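Trainee: Okay, handing you the structure first.
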Amino acid sequence: MRIGIDVGRSTTDGVLVDRERVLGAVKLPTSGDHLSVLPAVIRALRAATGFAPDAISAVMLGTRQFLDAVTQARGLVPTAVIRFAVPSPRGLLPLAGWPPELAQALGGKHFVLLGGCTATGGALGPFPTAEFLRALEEIDAAGIGDVALSSAGATVDAGFERRAKQLIEHHLPRLRVTQSHEVGHVGLIGRENATVLNASLRALADRTLTRVSADLAAAGITAPLYVSQNDGTVMDGEHARRFPVATFAAGSANAIRGAGFLSGYQDGVVVDIGNSRTRIGLLRHGYPRTTVDTVRTAGVHTNSRTPDVRILGVGGGSSVRGTGTGLRLTPGVHPLPRVLGGSHLTLTDIAVLAGATQLGDAGRLPGFPGHVAARMLAVARRRIEDTVAAEHTGPLIAVGGAGFLVPDRVDGVAEAVLRPEGFAVAGAVGAAVADVGGHVDRIVGSRGQDVEALTEAACREAAERAIAAGAAIGSITLTDVDVVPLHHLPQEMTRIRVHAVGTPGPGR
């Protein structure tokens, strides 16, 4: 049996899953520093299901802890950035364009040195050993503990980053090192930004996962801990300490993955409605459709692999104001509707008044006529329908704590909306049923090369990455292999993307 936990802004969901069945689920308010609710979730889940701690094979955690640290510029550590990209045009320096408070939290120490390679693999210069060692002296003198390495063309040839890491391990082994070719994809600035964010979070990741492991041990659970990634897979706790940036969009990915599991569909459109917003994404072959395009995180452009979702600022906690026939949605989100003890009227309360759901104590609500509430609900639903219609390419699956806001029928969609049993805890279910994932995205020179052999090498590396992230040896399958010739480059180059998954278990 596995436990899945999804820590959201307003509520934290926990589920117990045994193979193809959800055995029990709980939903508790998220409070304090978010993770403080985990012991209570474990206790509530055990009370609801009676599971024996030694019967748990794995605990899967989806958390906003690291995303919130970035958006709030807290819990980050000073981080040095070393970029190899001269004599190519210097352009934007590291951290250029970042929100000032976020850049300040990282310390602002950066270096741009000779090196890197072109998009076709040609080295831009020799490794600048002397300059690099002087940079390490400055970093050491400043007392900085984390360094982000980025190199032009690292997705073609990561030699400069690997050499830099070797020198750091020899001369300044106390440093934690993050290399951009292990974090991001094509595009120096987006890849570098993701690498810097990752490096600044590693100390927090150490503290957080140590704390979660202690909470599980206190509950008698000795099963391994896995952490949800952006693509609907998980990584083990040790891997998550190295790559916390891979968790930023895990909430969306888990909801989409959970929607597929609960509905039995491998493809469709998933509408996930929480307290503050609606997220609409595509389910493809049982996993969220992802994008490697540049995305903004807390005002910073990154290019890590993330779910391709559209976001609408309407949720169950959306504020409703007015009286009589003058009800209207207004800016603001409240953690609790009136029916659950809150003091403000929300869209969830309106849905209860309109008869769309039964929740909490309807006696706490004002006496609006049902048709007035129904009109207000229709306004909100129309905004959701208009966004969904633009994405419709299959069955429509509604999930999330406020999944009842999606109407049973949506204009332009022939099939009735699916609202599977357990829809309110789909995120926790998606975490619980996830496999361990590994991904490779690289550009290779294909002139005179056997592209099939290059693809096989990338497949092996993706499998090795999945095993390094906690997948059992012998369980690996390839879910996506994409080989794209890059005709726009002056030499014959090919982009190879491979995604591999495996079941959690002894892998290293």
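Chain identifiers are assigned as A, B, and so on, following the order in which chains appear in the structure tokens; residues are numbered from 1 within each chain, and ligands are numbered from 1 in order of appearance.
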Neighbours of region 458-463 of chain A within 6 Å (only C-alpha atoms; same-chain residues fewer than 4 positions away dropped), as a ChimeraX atom specification?
Mentor: /A:438-440,500
Trainee: Quick one: write out the picked residues with all heavy atoms as a short mmCIF file (atom, residue, chain, number, x, y, z; two decimals), in the first residue's frame?
Mentor:
```cif
data_model
loop_
_atom_site.label_atom_id
_atom_site.label_comp_id
_atom_site.auth_asym_id
_atom_site.auth_seq_id
_atom_site.Cartn_x
_atom_site.Cartn_y
_atom_site.Cartn_z
N GLY A 438 12.63 9.65 -15.28
CA GLY A 438 13.91 10.20 -15.70
C GLY A 438 13.77 10.74 -17.11
O GLY A 438 13.08 10.14 -17.95
N HIS A 439 14.41 11.88 -17.39
CA HIS A 439 14.22 12.56 -18.67
C HIS A 439 15.56 13.00 -19.24
O HIS A 439 16.45 13.43 -18.50
CB HIS A 439 13.30 13.77 -18.49
CG HIS A 439 12.89 14.41 -19.77
ND1 HIS A 439 11.98 13.84 -20.63
CD2 HIS A 439 13.26 15.59 -20.34
CE1 HIS A 439 11.81 14.64 -21.68
NE2 HIS A 439 12.57 15.70 -21.53
N VAL A 440 15.68 12.89 -20.55
CA VAL A 440 16.86 13.38 -21.27
C VAL A 440 16.38 14.27 -22.41
O VAL A 440 15.45 13.91 -23.14
CB VAL A 440 17.71 12.22 -21.83
CG1 VAL A 440 18.74 12.73 -22.84
CG2 VAL A 440 18.42 11.49 -20.70
N ALA A 500 11.64 8.19 -19.42
CA ALA A 500 11.59 6.82 -18.92
C ALA A 500 10.95 6.81 -17.55
O ALA A 500 11.12 7.75 -16.76
CB ALA A 500 13.00 6.23 -18.84
#
```
Trainee: Write down as a PyMOL selection string the residues belonging to region 170-294 of chain A that are assigned strand (DSSP E or B) by DSSP computed on the backbone.
Mentor: chain A and resi 176-179+225-228+234-236+268-273+278-284+287-288+290-291
Trainee: Residues within 6 Å of region 400-411 of chain A, please, as a ChimeraX atom specification. Count only C-alpha atoms; anything in the same chain fewer than 4 positions from it doesn't count.
Mentor: /A:272-274,316,416-417,423-424
Trainee: What does the distance between CA of Arg289 (chain A) and CA of Gly62 (chain A) come to in Å, to one decimal place?
Mentor: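 Result for CA of Arg289 (chain A) versus CA of Gly62 (chain A): 18.3 Å, one decimal.
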Trainee: For Pro99 (chain A), find every residue with an atom within 12 Å (counting only C-alpha atoms), except residues of its own chain fewer than 4 positions away, and show them as a list in words.
Mentor: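 Residues near the query, excluding close chain neighbours: Val70, Thr71, Gln72, Ala73, Leu95, Ala103, Gln104, Ala105, Leu106, Arg296, Thr297, Ala298, Gly299, Val300 and His301 of chain A.
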Trainee: Could you tell me how far CA of Val77 (chain A) sits from CA of Tyr226 (chain A), in Å to one decimal place?
Mentor: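 It comes out at 23.9 Å.
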Trainee: Could you give me, as a tab-separated table, every region 264-358 of chain A residue with an atom at most 12 Å from region 467-488 of chain A, plus its closest atom pair and distance in Å to one decimal, counting only C-alpha atoms, rows ordered by chain then number?
Mentor:
```
residue	atom	partner	partner_atom	distance
A:Arg284	CA	A:Thr479	CA	10.5
A:His285	CA	A:Thr479	CA	8.4
A:Gly286	CA	A:Thr479	CA	9.8
A:Tyr287	CA	A:Thr479	CA	9.2
A:Pro288	CA	A:Thr479	CA	11.9
A:Arg289	CA	A:Asp480	CA	11.0
A:Thr290	CA	A:Asp480	CA	11.3
```
Trainee: So what do you get for CA of Glu464 (chain A) versus CA of Phe243 (chain A), distance-wise?
Mentor: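 Between these atoms lies a distance of 16.1 Å.
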Trainee: My list of candidates is A:Ala164, A:Ile221, A:Leu102, A:Met60. Which is closest to Ala431 (chain A) when distances are computed with only C-alpha atoms?
Mentor: A:Met60
Trainee: Would you please give, as a count of residues only, all residues of region 289-481 of chain A that DSSP assigns to alpha helix (DSSP H) based on the backbone?
Mentor: 54
Trainee: Kindly indicate which residue among A:Gly159, A:Gly4, A:Leu38, A:Leu336 lies nearest to Ala214 (chain A), using only C-alpha atoms for the distances.
Mentor: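 With only C-alpha atoms as the atom set, the closest residue is A:Leu38.
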Trainee: Residues near Leu454 (chain A), anyone? I mean within 12 Å using only C-alpha atoms, not counting same-chain ones fewer than 4 positions away, as a compact mmCIF listing (two decimals) with C-alpha atoms, in the first residue's frame.
Mentor:
```txt
# COMPACT_ATOMS: atom_id res chain seq x y z
CA ARG A 442 19.81 16.97 -25.72
CA ILE A 443 21.08 18.20 -29.08
CA VAL A 444 23.57 15.96 -30.86
CA GLY A 445 25.65 16.32 -34.01
CA SER A 446 24.23 13.79 -36.45
CA ARG A 447 26.45 14.36 -39.50
CA GLY A 448 28.18 11.06 -40.19
CA GLN A 449 26.61 9.59 -37.04
CA ASP A 450 24.18 6.76 -36.59
CA ALA A 458 19.81 8.75 -24.89
CA CYS A 459 17.31 6.02 -23.96
CA ARG A 460 19.91 4.33 -21.79
CA GLU A 461 20.70 7.61 -20.08
CA VAL A 483 13.80 12.59 -32.45
CA MET A 493 22.04 18.49 -35.60
CA THR A 494 19.24 16.48 -34.01
CA ARG A 495 17.29 17.05 -30.82
CA ILE A 496 16.55 13.85 -28.89
CA ARG A 497 14.06 13.77 -26.02
CA VAL A 498 13.41 10.61 -24.05
```
Trainee: Skipping near chain neighbours, those fewer than 3 positions away, what residues fall within 8 Å of region 187-196 of chain A using only C-alpha atoms, listed as a VMD selection string?
Mentor: chain A and resid 79 81 94 to 95 147 to 153 178 to 181 183 to 184 199 to 200 245 294 300 to 304
Trainee: Which residues are near region 201-212 of chain A? Cut-off 7 Å, only C-alpha atoms, ignore same chain within fewer than 2 positions. Put them as a PyMOL selection string.
Mentor: chain A and resi 66+75-77+197-199+214-216+237+241-242+244
Trainee: Take the residues just selected and output them with C-alpha atoms as an mmCIF file, in the first residue's frame.
Mentor:
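Printed below is result-v5.cif as written:
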```cif
data_model
loop_
_atom_site.group_PDB
_atom_site.id
_atom_site.type_symbol
_atom_site.label_atom_id
_atom_site.label_comp_id
_atom_site.auth_asym_id
_atom_site.auth_seq_id
_atom_site.Cartn_x
_atom_site.Cartn_y
_atom_site.Cartn_z
ATOM 1 C CA PHE A 66 9.863 25.116 -2.583
ATOM 2 C CA GLY A 75 14.263 30.295 2.961
ATOM 3 C CA LEU A 76 16.728 30.785 0.112
ATOM 4 C CA VAL A 77 20.492 30.862 0.582
ATOM 5 C CA LEU A 197 16.760 28.708 -8.244
ATOM 6 C CA ASN A 198 17.531 25.041 -7.668
ATOM 7 C CA ALA A 199 20.886 25.811 -6.037
ATOM 8 C CA ALA A 214 11.236 12.384 11.003
ATOM 9 C CA ASP A 215 7.444 12.880 11.002
ATOM 10 C CA LEU A 216 6.985 9.598 9.145
ATOM 11 C CA GLY A 237 13.941 11.839 -1.136
ATOM 12 C CA ARG A 241 17.316 17.145 -2.036
ATOM 13 C CA ARG A 242 19.378 17.739 -5.187
ATOM 14 C CA PRO A 244 13.876 20.786 -5.558
#
```
Trainee: Which is closest to Ala142 (chain A) among A:Pro128, A:Gly122, A:Pro78, A:Gly360, if we use only C-alpha atoms?
Mentor: A:Pro78
Trainee: Which one is closest to Gly317 (chain A): A:Thr222, A:Thr118, A:Thr357, A:Thr348? Count only C-alpha atoms.
Mentor: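 Among the listed residues, A:Thr348 lies closest to Gly317 (chain A).
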Trainee: My list of candidates is A:Glu131, A:Glu452, A:Asp231, A:Glu385. Which is closest to His499 (chain A) when distances are computed with only C-alpha atoms?
Mentor: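 Of all the options, A:Asp231 lies closest to His499 (chain A).
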Trainee: Between A:Ala219, A:Leu365, A:Val436, A:Val186, which one has atoms that come closest to Pro337 (chain A), using only C-alpha atoms?
Mentor: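 Nearest candidate to Pro337 (chain A) out of A:Ala219, A:Leu365, A:Val436, A:Val186: A:Leu365.
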